[in-house]
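Colleague: Structure file entry.cif, mmCIF, C-alpha atoms, is pasted below:
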```cif
data_my_file
loop_
_atom_site.group_PDB
_atom_site.id
_atom_site.type_symbol
_atom_site.label_atom_id
_atom_site.label_comp_id
_atom_site.auth_asym_id
_atom_site.auth_seq_id
_atom_site.Cartn_x
_atom_site.Cartn_y
_atom_site.Cartn_z
ATOM 1 C CA ALA U 1 -3.081 -10.697 12.487
ATOM 2 C CA GLN U 2 0.285 -9.044 12.157
ATOM 3 C CA LYS U 3 0.958 -5.545 13.372
ATOM 4 C CA VAL U 4 3.994 -3.273 13.463
ATOM 5 C CA THR U 5 4.090 -0.210 15.686
ATOM 6 C CA GLN U 6 6.517 2.663 15.288
ATOM 7 C CA ALA U 7 5.544 5.048 18.047
ATOM 8 C CA GLN U 8 7.974 7.779 17.015
ATOM 9 C CA THR U 9 6.394 9.798 14.238
ATOM 10 C CA GLU U 10 9.223 12.288 13.761
ATOM 11 C CA ILE U 11 12.692 12.639 15.245
ATOM 12 C CA SER U 12 15.158 15.486 14.791
ATOM 13 C CA VAL U 13 18.805 15.160 15.726
ATOM 14 C CA VAL U 14 21.878 17.240 15.165
ATOM 15 C CA GLU U 15 24.491 15.774 12.860
ATOM 16 C CA LYS U 16 26.891 13.329 14.541
ATOM 17 C CA GLU U 17 24.410 12.446 17.274
ATOM 18 C CA ASP U 18 23.314 8.853 17.698
ATOM 19 C CA VAL U 19 19.633 8.057 17.205
ATOM 20 C CA THR U 20 17.503 4.971 17.871
ATOM 21 C CA LEU U 21 14.315 4.207 16.001
ATOM 22 C CA ASP U 22 11.901 1.980 17.882
ATOM 23 C CA CYS U 23 9.844 -0.869 16.454
ATOM 24 C CA VAL U 24 7.447 -3.188 18.258
ATOM 25 C CA TYR U 25 5.662 -5.989 16.444
ATOM 26 C CA GLU U 26 2.845 -8.465 16.985
ATOM 27 C CA THR U 27 2.430 -11.808 15.280
ATOM 28 C CA ARG U 28 1.019 -15.248 16.034
ATOM 29 C CA ASP U 29 3.580 -16.896 13.773
ATOM 30 C CA THR U 30 6.464 -18.685 15.422
ATOM 31 C CA THR U 31 8.684 -18.112 12.408
ATOM 32 C CA TYR U 32 8.812 -14.727 10.764
ATOM 33 C CA TYR U 33 11.062 -12.095 9.230
ATOM 34 C CA LEU U 34 11.653 -8.539 10.356
ATOM 35 C CA PHE U 35 12.843 -5.776 8.047
ATOM 36 C CA TRP U 36 13.910 -2.170 8.007
ATOM 37 C CA TYR U 37 13.455 -0.041 4.907
ATOM 38 C CA LYS U 38 14.566 3.526 4.227
ATOM 39 C CA GLN U 39 12.447 5.873 2.112
ATOM 40 C CA PRO U 40 14.320 9.004 1.035
ATOM 41 C CA PRO U 41 12.453 11.952 -0.512
ATOM 42 C CA SER U 42 12.762 10.312 -3.937
ATOM 43 C CA GLY U 43 10.159 7.816 -2.754
ATOM 44 C CA GLU U 44 11.890 4.510 -3.399
ATOM 45 C CA LEU U 45 11.921 2.069 -0.504
ATOM 46 C CA VAL U 46 15.478 0.906 0.081
ATOM 47 C CA PHE U 47 16.014 -2.419 1.818
ATOM 48 C CA LEU U 48 18.349 -2.176 4.841
ATOM 49 C CA ILE U 49 18.140 -5.451 6.729
ATOM 50 C CA ARG U 50 16.183 -8.677 7.203
ATOM 51 C CA ARG U 51 16.256 -10.793 10.360
ATOM 52 C CA ASN U 52 14.898 -14.285 10.872
ATOM 53 C CA SER U 53 12.970 -14.793 14.101
ATOM 54 C CA PHE U 54 15.304 -17.607 15.094
ATOM 55 C CA ASP U 55 18.344 -15.390 14.963
ATOM 56 C CA GLU U 56 18.457 -12.948 17.840
ATOM 57 C CA GLN U 57 22.031 -11.903 17.312
ATOM 58 C CA ASN U 58 22.395 -8.177 17.031
ATOM 59 C CA GLU U 59 23.868 -6.925 13.805
ATOM 60 C CA ILE U 60 26.124 -4.046 12.932
ATOM 61 C CA SER U 61 26.715 -2.677 9.456
ATOM 62 C CA GLY U 62 28.890 0.391 9.419
ATOM 63 C CA ARG U 63 27.049 3.136 11.303
ATOM 64 C CA TYR U 64 23.865 1.048 11.460
ATOM 65 C CA SER U 65 23.033 -1.479 14.140
ATOM 66 C CA TRP U 66 19.943 -3.474 14.995
ATOM 67 C CA ASN U 67 18.799 -4.821 18.345
ATOM 68 C CA PHE U 68 16.349 -7.722 18.069
ATOM 69 C CA GLN U 69 14.717 -8.785 21.349
ATOM 70 C CA LYS U 70 12.126 -11.505 20.984
ATOM 71 C CA SER U 71 11.160 -11.277 24.657
ATOM 72 C CA THR U 72 9.844 -7.748 24.147
ATOM 73 C CA SER U 73 8.863 -8.170 20.467
ATOM 74 C CA SER U 74 11.116 -5.308 19.522
ATOM 75 C CA PHE U 75 13.498 -4.697 16.634
ATOM 76 C CA ASN U 76 15.151 -1.341 17.184
ATOM 77 C CA PHE U 77 17.454 0.430 14.758
ATOM 78 C CA THR U 78 20.331 2.679 15.799
ATOM 79 C CA ILE U 79 22.256 5.064 13.589
ATOM 80 C CA THR U 80 25.576 6.106 15.058
ATOM 81 C CA ALA U 81 27.114 9.490 14.234
ATOM 82 C CA SER U 82 24.147 10.509 12.102
ATOM 83 C CA GLN U 83 24.661 12.357 8.833
ATOM 84 C CA VAL U 84 22.413 14.637 6.801
ATOM 85 C CA VAL U 85 22.097 11.887 4.178
ATOM 86 C CA ASP U 86 20.376 9.739 6.796
ATOM 87 C CA SER U 87 17.364 12.057 6.665
ATOM 88 C CA ALA U 88 14.472 9.922 5.439
ATOM 89 C CA VAL U 89 11.437 8.004 6.588
ATOM 90 C CA TYR U 90 12.329 4.625 8.054
ATOM 91 C CA PHE U 91 9.881 1.735 8.037
ATOM 92 C CA CYS U 92 9.959 -1.381 10.163
ATOM 93 C CA ALA U 93 8.164 -4.344 8.633
ATOM 94 C CA LEU U 94 7.207 -7.962 9.304
ATOM 95 C CA SER U 95 6.369 -10.989 7.193
ATOM 96 C CA GLU U 96 5.678 -14.643 7.825
ATOM 97 C CA ALA U 97 8.569 -16.903 6.933
ATOM 98 C CA GLY U 98 6.706 -19.292 4.685
ATOM 99 C CA GLY U 99 4.600 -18.528 1.687
ATOM 100 C CA TYR U 100 5.165 -15.493 -0.427
ATOM 101 C CA GLN U 101 6.373 -12.880 2.020
ATOM 102 C CA LYS U 102 3.354 -10.627 2.418
ATOM 103 C CA VAL U 103 4.951 -7.745 4.274
ATOM 104 C CA THR U 104 3.186 -5.649 6.894
ATOM 105 C CA PHE U 105 4.704 -2.209 7.389
ATOM 106 C CA GLY U 106 4.655 0.168 10.319
ATOM 107 C CA THR U 107 3.626 3.782 9.858
ATOM 108 C CA GLY U 108 7.220 4.949 9.649
ATOM 109 C CA THR U 109 9.487 7.317 11.554
ATOM 110 C CA LYS U 110 10.610 10.484 9.825
ATOM 111 C CA LEU U 111 14.202 11.251 10.751
ATOM 112 C CA GLN U 112 15.605 14.703 10.177
ATOM 113 C CA VAL U 113 19.324 15.190 10.677
ATOM 114 C CA ILE U 114 20.170 18.841 11.095
ATOM 115 C CA PRO U 115 23.624 20.007 9.962
ATOM 116 C CA GLY M 1 20.796 -4.471 -14.233
ATOM 117 C CA ALA M 2 17.931 -2.091 -13.776
ATOM 118 C CA GLY M 3 15.710 -1.957 -10.736
ATOM 119 C CA VAL M 4 11.921 -1.999 -10.607
ATOM 120 C CA SER M 5 10.548 0.607 -12.976
ATOM 121 C CA GLN M 6 7.141 2.234 -12.607
ATOM 122 C CA SER M 7 5.305 4.594 -14.927
ATOM 123 C CA PRO M 8 4.005 7.176 -14.966
ATOM 124 C CA ARG M 9 5.822 8.803 -12.074
ATOM 125 C CA TYR M 10 2.881 11.155 -11.509
ATOM 126 C CA LYS M 11 -0.724 10.899 -12.605
ATOM 127 C CA VAL M 12 -3.508 13.400 -12.128
ATOM 128 C CA ALA M 13 -6.988 12.109 -12.854
ATOM 129 C CA LYS M 14 -10.385 13.688 -12.623
ATOM 130 C CA ARG M 15 -12.848 11.887 -10.429
ATOM 131 C CA GLY M 16 -14.540 9.173 -12.432
ATOM 132 C CA GLN M 17 -11.691 8.605 -14.876
ATOM 133 C CA ASP M 18 -9.982 5.267 -15.318
ATOM 134 C CA VAL M 19 -6.208 5.004 -14.799
ATOM 135 C CA ALA M 20 -3.594 2.362 -15.560
ATOM 136 C CA LEU M 21 -0.311 2.143 -13.681
ATOM 137 C CA ARG M 22 2.559 0.097 -15.044
ATOM 138 C CA CYS M 23 5.270 -1.887 -13.288
ATOM 139 C CA ASP M 24 8.364 -3.434 -14.888
ATOM 140 C CA PRO M 25 9.904 -5.767 -12.295
ATOM 141 C CA ILE M 26 13.508 -6.857 -12.174
ATOM 142 C CA SER M 27 14.109 -9.433 -14.863
ATOM 143 C CA GLY M 28 13.679 -12.979 -13.585
ATOM 144 C CA HIS M 29 11.808 -12.025 -10.451
ATOM 145 C CA VAL M 30 9.006 -14.471 -9.786
ATOM 146 C CA SER M 31 7.070 -12.515 -7.195
ATOM 147 C CA LEU M 32 5.407 -9.165 -7.788
ATOM 148 C CA PHE M 33 3.499 -7.071 -5.289
ATOM 149 C CA TRP M 34 1.446 -3.904 -5.412
ATOM 150 C CA TYR M 35 1.236 -1.667 -2.361
ATOM 151 C CA GLN M 36 -0.708 1.521 -1.702
ATOM 152 C CA GLN M 37 0.897 4.234 0.418
ATOM 153 C CA ALA M 38 -1.304 7.052 1.659
ATOM 154 C CA LEU M 39 0.315 10.306 2.742
ATOM 155 C CA GLY M 40 2.146 9.886 6.039
ATOM 156 C CA GLN M 41 1.409 6.166 6.240
ATOM 157 C CA GLY M 42 3.276 2.961 5.619
ATOM 158 C CA PRO M 43 2.679 0.935 2.467
ATOM 159 C CA GLU M 44 -0.337 -1.353 2.568
ATOM 160 C CA PHE M 45 -0.563 -4.600 0.637
ATOM 161 C CA LEU M 46 -2.897 -4.701 -2.345
ATOM 162 C CA THR M 47 -2.142 -7.821 -4.352
ATOM 163 C CA TYR M 48 0.462 -10.481 -5.130
ATOM 164 C CA PHE M 49 1.466 -12.341 -8.289
ATOM 165 C CA GLN M 50 3.590 -15.422 -8.637
ATOM 166 C CA ASN M 51 4.593 -15.300 -12.288
ATOM 167 C CA GLU M 52 1.305 -14.685 -14.115
ATOM 168 C CA ALA M 53 -0.931 -16.072 -11.386
ATOM 169 C CA GLN M 54 -2.618 -13.626 -9.033
ATOM 170 C CA LEU M 55 -2.502 -15.595 -5.795
ATOM 171 C CA ASP M 56 -3.708 -12.963 -3.374
ATOM 172 C CA LYS M 57 -5.882 -9.929 -4.032
ATOM 173 C CA SER M 58 -7.189 -9.564 -0.526
ATOM 174 C CA GLY M 59 -5.861 -6.022 -0.151
ATOM 175 C CA LEU M 60 -7.637 -4.497 -3.140
ATOM 176 C CA PRO M 61 -9.985 -1.877 -1.635
ATOM 177 C CA SER M 62 -12.879 -2.411 -4.013
ATOM 178 C CA ASP M 63 -13.906 -4.026 -7.272
ATOM 179 C CA ARG M 64 -12.804 -0.830 -9.019
ATOM 180 C CA PHE M 65 -9.225 -2.039 -8.572
ATOM 181 C CA PHE M 66 -7.903 -4.643 -10.958
ATOM 182 C CA ALA M 67 -4.376 -5.956 -11.520
ATOM 183 C CA GLU M 68 -2.888 -8.223 -14.126
ATOM 184 C CA ARG M 69 0.435 -9.730 -15.109
ATOM 185 C CA PRO M 70 -0.442 -11.700 -18.244
ATOM 186 C CA GLU M 71 3.024 -12.884 -19.253
ATOM 187 C CA GLY M 72 4.573 -13.096 -15.838
ATOM 188 C CA SER M 73 6.721 -9.998 -16.179
ATOM 189 C CA VAL M 74 5.145 -6.532 -16.615
ATOM 190 C CA SER M 75 2.148 -5.809 -14.425
ATOM 191 C CA THR M 76 -0.614 -3.231 -14.690
ATOM 192 C CA LEU M 77 -2.767 -1.913 -11.873
ATOM 193 C CA LYS M 78 -6.003 -0.451 -13.166
ATOM 194 C CA ILE M 79 -8.359 1.721 -11.175
ATOM 195 C CA GLN M 80 -11.777 2.348 -12.657
ATOM 196 C CA ARG M 81 -13.970 5.365 -11.896
ATOM 197 C CA THR M 82 -11.339 6.911 -9.645
ATOM 198 C CA GLN M 83 -12.399 8.536 -6.374
ATOM 199 C CA GLN M 84 -10.589 11.115 -4.265
ATOM 200 C CA GLU M 85 -9.795 8.485 -1.641
ATOM 201 C CA ASP M 86 -7.758 6.636 -4.270
ATOM 202 C CA SER M 87 -5.148 9.426 -4.126
ATOM 203 C CA ALA M 88 -1.940 7.796 -2.911
ATOM 204 C CA VAL M 89 1.426 6.526 -4.037
ATOM 205 C CA TYR M 90 1.184 3.102 -5.635
ATOM 206 C CA LEU M 91 4.335 1.056 -5.138
ATOM 207 C CA CYS M 92 5.356 -2.026 -7.029
ATOM 208 C CA ALA M 93 7.869 -4.507 -5.642
ATOM 209 C CA SER M 94 9.422 -7.684 -6.952
ATOM 210 C CA SER M 95 11.511 -10.472 -5.513
ATOM 211 C CA LEU M 96 13.113 -13.736 -6.538
ATOM 212 C CA SER M 97 11.053 -15.631 -3.980
ATOM 213 C CA SER M 98 8.711 -18.409 -4.768
ATOM 214 C CA PRO M 99 7.109 -20.630 -2.100
ATOM 215 C CA SER M 100 9.758 -23.262 -2.611
ATOM 216 C CA SER M 101 12.723 -20.951 -2.295
ATOM 217 C CA TYR M 102 14.326 -18.908 0.412
ATOM 218 C CA ASN M 103 12.681 -15.541 0.886
ATOM 219 C CA SER M 104 14.607 -12.785 -0.809
ATOM 220 C CA PRO M 105 14.032 -9.120 -0.006
ATOM 221 C CA LEU M 106 11.501 -7.027 -1.839
ATOM 222 C CA HIS M 107 12.902 -4.521 -4.320
ATOM 223 C CA PHE M 108 10.648 -1.505 -4.690
ATOM 224 C CA GLY M 109 10.127 0.934 -7.520
ATOM 225 C CA ASN M 110 9.839 4.707 -7.058
ATOM 226 C CA GLY M 111 6.075 4.493 -7.197
ATOM 227 C CA THR M 112 3.342 6.320 -9.071
ATOM 228 C CA ARG M 113 1.817 9.259 -7.239
ATOM 229 C CA LEU M 114 -1.873 9.370 -8.149
ATOM 230 C CA THR M 115 -3.867 12.498 -7.436
ATOM 231 C CA VAL M 116 -7.593 12.408 -8.049
ATOM 232 C CA THR M 117 -9.198 15.856 -8.315
#
```
Represent the structure from my file as C-alpha coordinates, please.

Modeller:
Amino acid sequence: AQKVTQAQTEISVVEKEDVTLDCVYETRDTTYYLFWYKQPPSGELVFLIRRNSFDEQNEISGRYSWNFQKSTSSFNFTITASQVVDSAVYFCALSEAGGYQKVTFGTGTKLQVIP
Amino acid sequence: GAGVSQSPRYKVAKRGQDVALRCDPISGHVSLFWYQQALGQGPEFLTYFQNEAQLDKSGLPSDRFFAERPEGSVSTLKIQRTQQEDSAVYLCASSLSSPSSYNSPLHFGNGTRLTVT
(Lines of atoms letter the chains of each structure in order from A and count residues from 1; the text may use other names and numbers.)
(Lines give C-alpha, C1' and ligand atoms only; values in the text may rest on other atoms or scores of the structure.)
Protein backbone atom coordinates (compact mmCIF):
# COMPACT_ATOMS: atom_id res chain seq x y z
CA ALA A 1 0.00 0.00 0.00
CA GLN A 2 1.12 3.53 -0.68
CA LYS A 3 1.23 6.17 2.00
CA VAL A 4 2.28 9.82 2.13
CA THR A 5 2.95 11.55 5.43
CA GLN A 6 3.08 15.30 5.90
CA ALA A 7 3.77 15.72 9.59
CA GLN A 8 3.47 19.51 9.57
CA THR A 9 -0.19 20.42 9.80
CA GLU A 10 0.24 24.19 9.80
CA ILE A 11 3.21 26.50 9.40
CA SER A 12 3.33 30.27 9.81
CA VAL A 13 6.22 32.34 8.55
CA VAL A 14 6.87 36.02 8.13
CA GLU A 15 7.14 37.27 4.57
CA LYS A 16 10.60 36.86 3.01
CA GLU A 17 11.51 33.96 5.30
CA ASP A 18 12.42 30.62 3.79
CA VAL A 19 10.21 27.65 4.63
CA THR A 20 10.52 23.89 4.05
CA LEU A 21 7.56 21.57 3.82
CA ASP A 22 8.33 17.97 4.69
CA CYS A 23 7.05 14.87 2.91
CA VAL A 24 7.80 11.23 3.66
CA TYR A 25 6.38 8.44 1.55
CA GLU A 26 6.00 4.67 1.59
CA THR A 27 5.62 2.41 -1.41
CA ARG A 28 6.54 -1.11 -2.48
CA ASP A 29 6.88 -0.03 -6.10
CA THR A 30 10.37 0.35 -7.48
CA THR A 31 9.20 2.90 -10.02
CA TYR A 32 6.90 5.70 -8.98
CA TYR A 33 6.15 9.40 -9.29
CA LEU A 34 6.13 12.05 -6.60
CA PHE A 35 4.16 15.28 -6.85
CA TRP A 36 3.52 18.53 -5.08
CA TYR A 37 0.23 20.35 -5.48
CA LYS A 38 -0.85 23.75 -4.16
CA GLN A 39 -4.44 24.38 -3.06
CA PRO A 40 -5.23 28.07 -2.60
CA PRO A 41 -8.45 29.17 -0.88
CA SER A 42 -10.27 28.96 -4.22
CA GLY A 43 -10.04 25.19 -3.88
CA GLU A 44 -8.41 24.21 -7.15
CA LEU A 45 -5.40 21.91 -6.88
CA VAL A 46 -2.53 23.42 -8.84
CA PHE A 47 0.19 21.10 -10.09
CA LEU A 48 3.71 22.23 -9.07
CA ILE A 49 6.10 19.41 -9.86
CA ARG A 50 6.42 15.72 -10.71
CA ARG A 51 9.54 13.63 -10.09
CA ASN A 52 10.32 10.15 -11.36
CA SER A 53 11.80 7.80 -8.78
CA PHE A 54 14.83 7.23 -10.98
CA ASP A 55 15.72 10.88 -11.03
CA GLU A 56 17.11 12.06 -7.72
CA GLN A 57 18.41 15.35 -8.99
CA ASN A 58 17.15 18.25 -6.98
CA GLU A 59 15.16 20.81 -8.89
CA ILE A 60 14.83 24.55 -8.64
CA SER A 61 12.12 26.64 -10.23
CA GLY A 62 12.30 30.28 -9.29
CA ARG A 63 11.72 30.54 -5.54
CA TYR A 64 10.72 26.87 -5.33
CA SER A 65 13.09 23.97 -4.86
CA TRP A 66 12.63 20.28 -4.19
CA ASN A 67 14.93 17.85 -2.42
CA PHE A 68 14.30 14.21 -3.32
CA GLN A 69 16.17 11.66 -1.19
CA LYS A 70 15.34 8.07 -1.97
CA SER A 71 17.44 6.79 0.92
CA THR A 72 15.12 8.46 3.42
CA SER A 73 11.95 8.26 1.27
CA SER A 74 11.57 12.00 1.47
CA PHE A 75 10.57 14.67 -1.04
CA ASN A 76 10.80 18.03 0.69
CA PHE A 77 9.71 21.35 -0.76
CA THR A 78 11.38 24.67 0.03
CA ILE A 79 10.02 28.12 -0.73
CA THR A 80 12.67 30.81 -0.63
CA ALA A 81 11.80 34.40 0.29
CA SER A 82 8.16 33.52 0.92
CA GLN A 83 5.39 35.85 -0.20
CA VAL A 84 1.81 36.33 0.96
CA VAL A 85 0.60 34.75 -2.29
CA ASP A 86 2.30 31.52 -1.22
CA SER A 87 -0.31 31.10 1.51
CA ALA A 88 -2.16 27.89 0.69
CA VAL A 89 -2.40 24.23 1.57
CA TYR A 90 0.35 22.18 -0.04
CA PHE A 91 -0.09 18.49 -0.78
CA CYS A 92 2.59 15.92 -1.44
CA ALA A 93 1.43 12.94 -3.47
CA LEU A 94 2.60 9.62 -4.90
CA SER A 95 1.57 7.38 -7.77
CA GLU A 96 2.88 4.23 -9.37
CA ALA A 97 4.64 4.82 -12.66
CA GLY A 98 2.70 2.35 -14.76
CA GLY A 99 -1.00 2.07 -15.22
CA TYR A 100 -3.28 5.02 -14.89
CA GLN A 101 -1.65 7.16 -12.24
CA LYS A 102 -3.84 6.58 -9.21
CA VAL A 103 -2.52 9.29 -6.93
CA THR A 104 -2.29 8.99 -3.16
CA PHE A 105 -2.21 12.33 -1.35
CA GLY A 106 -0.85 13.33 2.02
CA THR A 107 -3.01 15.25 4.47
CA GLY A 108 -1.50 18.57 3.47
CA THR A 109 0.42 21.37 5.15
CA LYS A 110 -1.30 24.71 5.55
CA LEU A 111 1.19 27.51 5.01
CA GLN A 112 0.40 31.00 6.19
CA VAL A 113 2.75 33.78 5.15
CA ILE A 114 2.31 36.82 7.34
CA PRO A 115 3.05 40.24 5.81
CA GLY B 1 -8.35 26.32 -23.67
CA ALA B 2 -10.45 25.92 -20.59
CA GLY B 3 -9.50 23.86 -17.59
CA VAL B 4 -11.57 21.20 -15.83
CA SER B 5 -15.00 22.58 -15.07
CA GLN B 6 -17.23 21.30 -12.27
CA SER B 7 -20.81 22.18 -11.42
CA PRO B 8 -22.46 23.10 -9.23
CA ARG B 9 -19.81 24.87 -7.19
CA TYR B 10 -21.87 24.38 -4.03
CA LYS B 11 -24.67 21.96 -3.26
CA VAL B 12 -26.76 21.70 -0.13
CA ALA B 13 -28.86 18.56 0.16
CA LYS B 14 -31.17 17.29 2.82
CA ARG B 15 -30.34 13.88 4.18
CA GLY B 16 -31.88 11.25 1.96
CA GLN B 17 -31.88 13.32 -1.22
CA ASP B 18 -30.10 12.26 -4.38
CA VAL B 19 -27.46 14.55 -5.91
CA ALA B 20 -25.64 14.66 -9.24
CA LEU B 21 -22.28 16.36 -9.66
CA ARG B 22 -20.96 17.19 -13.11
CA CYS B 23 -17.42 17.29 -14.47
CA ASP B 24 -16.32 18.67 -17.85
CA PRO B 25 -12.71 17.55 -18.37
CA ILE B 26 -10.18 19.23 -20.60
CA SER B 27 -10.97 18.41 -24.20
CA GLY B 28 -9.07 15.38 -25.44
CA HIS B 29 -8.13 14.10 -22.02
CA VAL B 30 -8.41 10.34 -21.88
CA SER B 31 -8.25 9.83 -18.14
CA LEU B 32 -10.78 11.15 -15.65
CA PHE B 33 -10.72 10.78 -11.89
CA TRP B 34 -13.06 11.61 -9.05
CA TYR B 35 -11.66 12.38 -5.61
CA GLN B 36 -13.36 13.13 -2.31
CA GLN B 37 -11.77 15.68 0.02
CA ALA B 38 -13.06 15.88 3.58
CA LEU B 39 -12.43 19.03 5.59
CA GLY B 40 -8.77 19.29 6.58
CA GLN B 41 -7.79 16.15 4.69
CA GLY B 42 -6.10 15.33 1.43
CA PRO B 43 -8.11 14.17 -1.57
CA GLU B 44 -8.99 10.48 -1.60
CA PHE B 45 -9.46 8.47 -4.77
CA LEU B 46 -12.99 7.43 -5.66
CA THR B 47 -13.00 6.19 -9.24
CA TYR B 48 -11.18 6.29 -12.58
CA PHE B 49 -12.34 6.34 -16.21
CA GLN B 50 -10.34 5.72 -19.33
CA ASN B 51 -12.53 7.26 -22.01
CA GLU B 52 -15.98 5.82 -21.29
CA ALA B 53 -14.76 2.75 -19.44
CA GLN B 54 -14.80 2.80 -15.65
CA LEU B 55 -11.65 0.83 -14.90
CA ASP B 56 -11.43 1.33 -11.17
CA LYS B 57 -14.19 2.09 -8.69
CA SER B 58 -12.45 0.71 -5.66
CA GLY B 59 -12.61 4.02 -3.78
CA LEU B 60 -16.37 4.49 -3.91
CA PRO B 61 -17.48 4.39 -0.25
CA SER B 62 -20.73 2.54 -0.79
CA ASP B 63 -23.21 1.40 -3.41
CA ARG B 64 -24.96 4.75 -2.98
CA PHE B 65 -22.16 6.26 -5.07
CA PHE B 66 -22.31 5.85 -8.82
CA ALA B 67 -20.26 7.47 -11.59
CA GLU B 68 -20.58 7.46 -15.34
CA ARG B 69 -18.90 8.89 -18.40
CA PRO B 70 -21.08 7.58 -21.23
CA GLU B 71 -19.44 9.34 -24.17
CA GLY B 72 -15.93 9.53 -22.85
CA SER B 73 -16.00 13.24 -22.07
CA VAL B 74 -18.40 14.67 -19.45
CA SER B 75 -18.73 12.66 -16.26
CA THR B 76 -21.39 12.62 -13.56
CA LEU B 77 -20.97 11.47 -9.98
CA LYS B 78 -24.28 10.54 -8.42
CA ILE B 79 -24.88 10.03 -4.73
CA GLN B 80 -28.16 8.43 -3.74
CA ARG B 81 -29.87 8.88 -0.36
CA THR B 82 -27.20 11.28 0.85
CA GLN B 83 -25.92 11.00 4.42
CA GLN B 84 -24.18 13.60 6.57
CA GLU B 85 -20.88 11.75 6.21
CA ASP B 86 -21.05 12.41 2.47
CA SER B 87 -20.39 16.12 3.15
CA ALA B 88 -17.09 16.92 1.44
CA VAL B 89 -15.57 18.58 -1.58
CA TYR B 90 -15.74 16.36 -4.65
CA LEU B 91 -12.87 16.99 -7.04
CA CYS B 92 -12.65 15.93 -10.64
CA ALA B 93 -9.34 15.63 -12.46
CA SER B 94 -8.35 14.76 -15.99
CA SER B 95 -5.14 13.94 -17.78
CA LEU B 96 -3.88 12.98 -21.21
CA SER B 97 -2.51 9.71 -19.87
CA SER B 98 -3.50 6.33 -21.07
CA PRO B 99 -1.68 3.12 -20.07
CA SER B 100 0.35 3.21 -23.24
CA SER B 101 1.50 6.79 -22.92
CA TYR B 102 3.75 8.74 -20.63
CA ASN B 103 2.02 9.86 -17.47
CA SER B 104 0.93 13.46 -17.66
CA PRO B 105 -0.04 15.45 -14.58
CA LEU B 106 -3.57 15.56 -13.28
CA HIS B 107 -5.46 18.79 -13.89
CA PHE B 108 -8.05 19.43 -11.21
CA GLY B 109 -11.28 21.37 -11.22
CA ASN B 110 -12.38 23.71 -8.42
CA GLY B 111 -14.57 21.01 -6.95
CA THR B 112 -18.15 20.81 -5.75
CA ARG B 113 -18.66 21.43 -2.05
CA LEU B 114 -21.49 19.17 -0.90
CA THR B 115 -23.16 19.83 2.42
CA VAL B 116 -25.72 17.35 3.65
CA THR B 117 -28.01 18.71 6.38

Colleague: Report as a ChimeraX atom specification the residues that result from applying the PyMOL selection byres ((chain U) within 12 of (chain M)) to the structure here.

Modeller: /U:3-6,9-10,32-52,89-110

Colleague: Quick one: which residues end up in the PyMOL selection byres ((chain U and resi 66) around 12) for this structure, as a PyMOL selection string?

Modeller: chain U and resi 19-23+34-36+48-51+56-65+67-69+74-80+92

Colleague: Could you write those residues out with C-alpha atoms, as a CSV table (one decimal), in the coordinates of the input?

Modeller:
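In the end it all went to selection.csv:
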```
chain,number,residue,atom,x,y,z
U,19,VAL,CA,19.6,8.1,17.2
U,20,THR,CA,17.5,5.0,17.9
U,21,LEU,CA,14.3,4.2,16.0
U,22,ASP,CA,11.9,2.0,17.9
U,23,CYS,CA,9.8,-0.9,16.5
U,34,LEU,CA,11.7,-8.5,10.4
U,35,PHE,CA,12.8,-5.8,8.0
U,36,TRP,CA,13.9,-2.2,8.0
U,48,LEU,CA,18.3,-2.2,4.8
U,49,ILE,CA,18.1,-5.5,6.7
U,50,ARG,CA,16.2,-8.7,7.2
U,51,ARG,CA,16.3,-10.8,10.4
U,56,GLU,CA,18.5,-12.9,17.8
U,57,GLN,CA,22.0,-11.9,17.3
U,58,ASN,CA,22.4,-8.2,17.0
U,59,GLU,CA,23.9,-6.9,13.8
U,60,ILE,CA,26.1,-4.0,12.9
U,61,SER,CA,26.7,-2.7,9.5
U,62,GLY,CA,28.9,0.4,9.4
U,63,ARG,CA,27.0,3.1,11.3
U,64,TYR,CA,23.9,1.0,11.5
U,65,SER,CA,23.0,-1.5,14.1
U,67,ASN,CA,18.8,-4.8,18.3
U,68,PHE,CA,16.3,-7.7,18.1
U,69,GLN,CA,14.7,-8.8,21.3
U,74,SER,CA,11.1,-5.3,19.5
U,75,PHE,CA,13.5,-4.7,16.6
U,76,ASN,CA,15.2,-1.3,17.2
U,77,PHE,CA,17.5,0.4,14.8
U,78,THR,CA,20.3,2.7,15.8
U,79,ILE,CA,22.3,5.1,13.6
U,80,THR,CA,25.6,6.1,15.1
U,92,CYS,CA,10.0,-1.4,10.2
```

Colleague: For the structure provided, state which residues fall under the PyMOL selection byres ((chain U and resi 28) around 10), and present them as a PyMOL selection string.

Modeller: chain U and resi 1-2+26-27+29-32+96

Colleague: For range 11-16 of chain M, take all atoms listed in the file, fit an axis-aligned box around them, add 8 Å to each of the six sides, then output centre and edge lengths in Å rounded to one decimal, as lines of an AutoDock Vina configuration file.

Modeller:
```
center_x = -7.6
center_y = 11.4
center_z = -11.6
size_x = 29.8
size_y = 20.5
size_z = 18.4
```

Colleague: Would you pick out the contacts of Ala2 in chain M at 9 Å or less, using only C-alpha atoms, so that residues sharing its chain but fewer than 4 positions from it are not included, and give the list as a list in words?

Modeller: Pro25, Ile26 and Ser27 of chain M

Colleague: So that I can check the surroundings of Gly28 in chain M, please list as a PyMOL selection string every protein, DNA and RNA residue that reaches within 10 Å of it, counting all atoms listed in the file and ignoring chain neighbours fewer than 5 positions away.

Modeller: chain M and resi 51+72-73+94-96

Colleague: Go through M:Glu71, M:Asp24, M:Asp86, M:Glu52 one by one, measure the shortest atom-to-atom distance of each to Ser5 in chain M using all atoms listed in the file, and give the residue with the smallest value.

Modeller: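 Nearest candidate to Ser5 in chain M out of M:Glu71, M:Asp24, M:Asp86, M:Glu52: M:Asp24.
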
Colleague: Pick from U:Gln83, U:Ser53, U:Ser73, U:Ser12: nearest to Leu111 in chain U, with all atoms listed in the file counted?

Modeller: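 Nearest to Leu111 in chain U: U:Ser12.
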